[in-house]
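Scroll down for the structure; my scribbles are underneath it.
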Amino acid sequence: MGKLLIFGGTTEARELLERLKDTGIEIIYCAATQYGADIVSDLANNNIKLFASRLTPDGMKNLMKSEAVNCVIDATHPYATEVTRNIKDVCSELELPLMRVTRPDDAIYENLKLSTVNSAHEAAELLNSKKFIDKNILLATGSKELKEFINVINFRERIYARVLPVSGVLKSCEELGFNSAHVIAMQGPFSYELNKAMLQAYNCGVLITKATGTAGGMDEKINAARDLGIEVILIVRPNSDEEIHSIDEGVAWVRRIFNLERPPMFPMLIDIEGRDVLVVGGGKIALRRVKTLLKCGASIRVVSPELNPGFDSVKNQIKIFKRKFELKDLDNAMLAVAASDDREANKSVGLEARARNIPVSVADAIAECTFFFPALIASGAASVSVSTAGTSYHTTKRLADRLRSVWARWVAEESESDSESVSERPAKKIRIGSRASALAVAQSNLIIEAITQAHPELEVELIIMQTTGDVNMKPFADITDPTGIKGLFTLELENALLNGDIDLAIHSLKDVPMKLNEKLPIVAYSKREDPRDALVINNPDGDVIGCSSLRRRLQLAKIFPDKKVVAVRGNIQTRLKKLESGEFDMLVLAASGLKRLGLGNKISKYFEASEMIPSAGQGVLACQGRAGEDYYYLDAIIDKEAQDCAIAERAFATALGGGCTQPVAAHAVIKDNNNLELTGLYIEMRGNNADGENIYHKKVLTGPRSDAETIGRNLAAQIMREFKY
């Protein structure tokens, strides 16, 4: 089939090898050091030869000729300029195809104290300036340029050098005179947390690093320094006229040279109706993109100094800003399209969108895309897309045109057939499982009413079951067996689903375990009732408040520090009777439960969500079913806003081990710009009870609602970094 030579030793080279190792191509992988070869040793197979040698140009030539190489990829370090030059010269002499694969340009960093230099020598000189002369330094450039930094004033006391734990490197540090106590011999990768800890531990005021790109761990270093307010000296890449390519382009290039087939791309369908989409550009390509996005119901902003006259036909359906692209234009965008005639503008859109994890299509650079803009064929809601993974625009267009010529007819035919099959569908009996409490039955009846109104042909039966939580009436905090907590109110209903005794189970979402059986997913989220907690007062002069959860008890301790909070269990009616009998003077319940039972008039005070943060999912009903079954009859129940909020809240609580016995609270709202704002609370308890000086961690995080789960996990991660115990 042929042979490919990869000059590597980098993260990009490893990924290339990983993606090409099973293609059947013979690959020679050459790294300058044994360490560079060792990092790919686990990928070796019968088609791969590994070499560890720092080759001269003659050595490169001999290797290429002796191995009868067909093509070469240079995936060496971006700063290995001499090696790159030698590879290029030898390939030119032997007339071998060559591609340079390296890391993408550096991301755009905001709110950063940044100085850029062109070399390690310039960085060392800058450290002797008045601005930096008294600051400790974390040197994270590797070992090759260490000698440049011995000219820094008081370098033995000020510099903490992070290098590979290799004997030759450590010997070099010693010979150059670095303080052995200041040499950090560690092998990466280095996380954000580890970088931050090092900068703090050594009281560093300056970080020095190279512009190594995301794959080189640059983000983790830069973000740690930025968040600590530390100065960064960035050694930018050497200027070069060489054409560089991404890993994706490198793989595609090899496939073409060796005539390999590639797998199709996965057509991930996204609902963008009403979502904010940014289009940068005003030409014919941008106009085509806008028209396609409008078909999908997107809310579109177009930024361009000039517009094609064709935009007159859509100007009333979009927002237009006649100016150049600015970074702030990406604020709130859930999708971005760069389709201008300005290469630098497109590149800037791609860079910033990727840095913000916003899907982006860059019309003039496949390698800068995180998704390919499809050829869309649609008739009503029925759609199909065509892509050739960027390999042939003309083939894509021809296939799309052929589909467009028949698609509307096909959809009409199948819709007619579908209507006939639906009308012929035999009447089905839906068995819905519910807990025995009055609230659970009332909530299940709300779902049944919605189903029967939307699908009068269906017969619905309510099956009432008693759950473990209805029998075990201990306070949650007193249930010490974890198996007695998980699924306290859902276990019996889930078993009935698995056994086929019921078709659907209705739960208060806040009672559903954070980790679900994959065979029993939540198939619909209801519209949210009032998520707030409410106070019912029997004796306004009393000092005792009853409530059921640790989450409420700990928050009440801050709201009413002079009152006693006691645990109480039982259904709503049982708790209200205990209140009326004088067991306590006030009672905290979920407002949603009281309202669904028609008891909203008993509420004396609402706790705003900012005052007492609710439980994750509070106010939402969850419909739990069996994986793989058709729950078409729930179409009138599904509420996407409640679903997105619930997903964010539950992701937050899950990451923090949330449940009935954990002091975790979360509340999400959807903003007008389709952003989701999540407020989260975790309380670190000192000791084994709710008394004492507990630590309250409360934070807010906002992002696109399409990233609901990620927002929840990220907010939890922010809080976990603050933990004291």
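Within each chain, counting starts at residue 1; across the structure tokens, chains are named A, B, ... in the order shown, with ligands numbered 1 upward in that order.
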Which residues come within 12 Å of A:Gln573, counting only C-alpha atoms, excluding same-chain residues fewer than 5 positions away, as a count of residues only?
14
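Within the 9 Å cut-off around A:Gly546, using only C-alpha atoms and omitting residues fewer than 4 positions from it on the same chain, the listed residues are Arg553, Lys564, Val565, Val566, Ala567, Val568, Arg575, Leu579, Glu583, Phe584, Asp585, Met586, Leu587 and Val588 of chain A.
Nearest to A:Ile447 of all the residues A:Arg435, A:Lys519, A:Lys640, A:Lys527 is A:Lys527, counting only C-alpha atoms.
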So that I can check the surroundings of A:Glu306, please list as a PyMOL selection string every protein, DNA and RNA residue that reaches within 9 Å of it, counting only C-alpha atoms and ignoring chain neighbours fewer than 6 positions away.
chain A and resi 281-283+322-323
Could you pull the residues within 10 Å of A:Arg54, counting only C-alpha atoms, minus those fewer than 3 positions along the same chain, as a PyMOL selection string?
chain A and resi 30-34+51+57+59-60+83
A straight line from atom CA of A:Pro513 to atom CA of A:Asn674 spans 27.9 Å
Name the residues of stretch 240-360 of chain A that fall into alpha helix (DSSP H) according to DSSP on the backbone, using the chain letters and numbers of this document, as an MDAnalysis selection string.
chainID A and resid 247:257 284:295 343:355
Long-range neighbours of A:Asn47 as a PyMOL selection string, 7 Å cut-off, only C-alpha atoms, 5 positions minimum in chain
chain A and resi 24-27
Quick one: write out the picked residues with all heavy atoms as a short mmCIF file (atom, residue, chain, number, x, y, z; two decimals), in the first residue's frame?
```cif
data_model
loop_
_atom_site.label_atom_id
_atom_site.label_comp_id
_atom_site.auth_asym_id
_atom_site.auth_seq_id
_atom_site.Cartn_x
_atom_site.Cartn_y
_atom_site.Cartn_z
N GLY A 24 -3.95 0.24 7.74
CA GLY A 24 -3.20 -0.69 6.89
C GLY A 24 -1.96 -0.09 6.28
O GLY A 24 -1.16 -0.80 5.64
N ILE A 25 -1.77 1.22 6.44
CA ILE A 25 -0.57 1.88 5.92
C ILE A 25 0.62 1.51 6.82
O ILE A 25 0.50 1.44 8.04
CB ILE A 25 -0.73 3.41 5.95
CG1 ILE A 25 -1.96 3.83 5.14
CG2 ILE A 25 0.51 4.11 5.41
CD1 ILE A 25 -2.32 5.29 5.34
N GLU A 26 1.79 1.30 6.21
CA GLU A 26 3.01 1.13 6.99
C GLU A 26 3.48 2.52 7.42
O GLU A 26 3.62 3.42 6.59
CB GLU A 26 4.10 0.45 6.16
CG GLU A 26 3.86 -1.03 5.93
CD GLU A 26 5.08 -1.71 5.32
OE1 GLU A 26 6.17 -1.62 5.94
OE2 GLU A 26 4.94 -2.29 4.23
N ILE A 27 3.70 2.68 8.72
CA ILE A 27 4.08 4.00 9.26
C ILE A 27 5.41 3.91 9.97
O ILE A 27 5.63 3.03 10.81
CB ILE A 27 3.00 4.51 10.24
CG1 ILE A 27 1.64 4.63 9.53
CG2 ILE A 27 3.41 5.86 10.83
CD1 ILE A 27 0.50 4.99 10.46
#
```
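Counting from atom CA of A:Ala120, the distance to atom CA of A:Leu207 is 12.8 Å.
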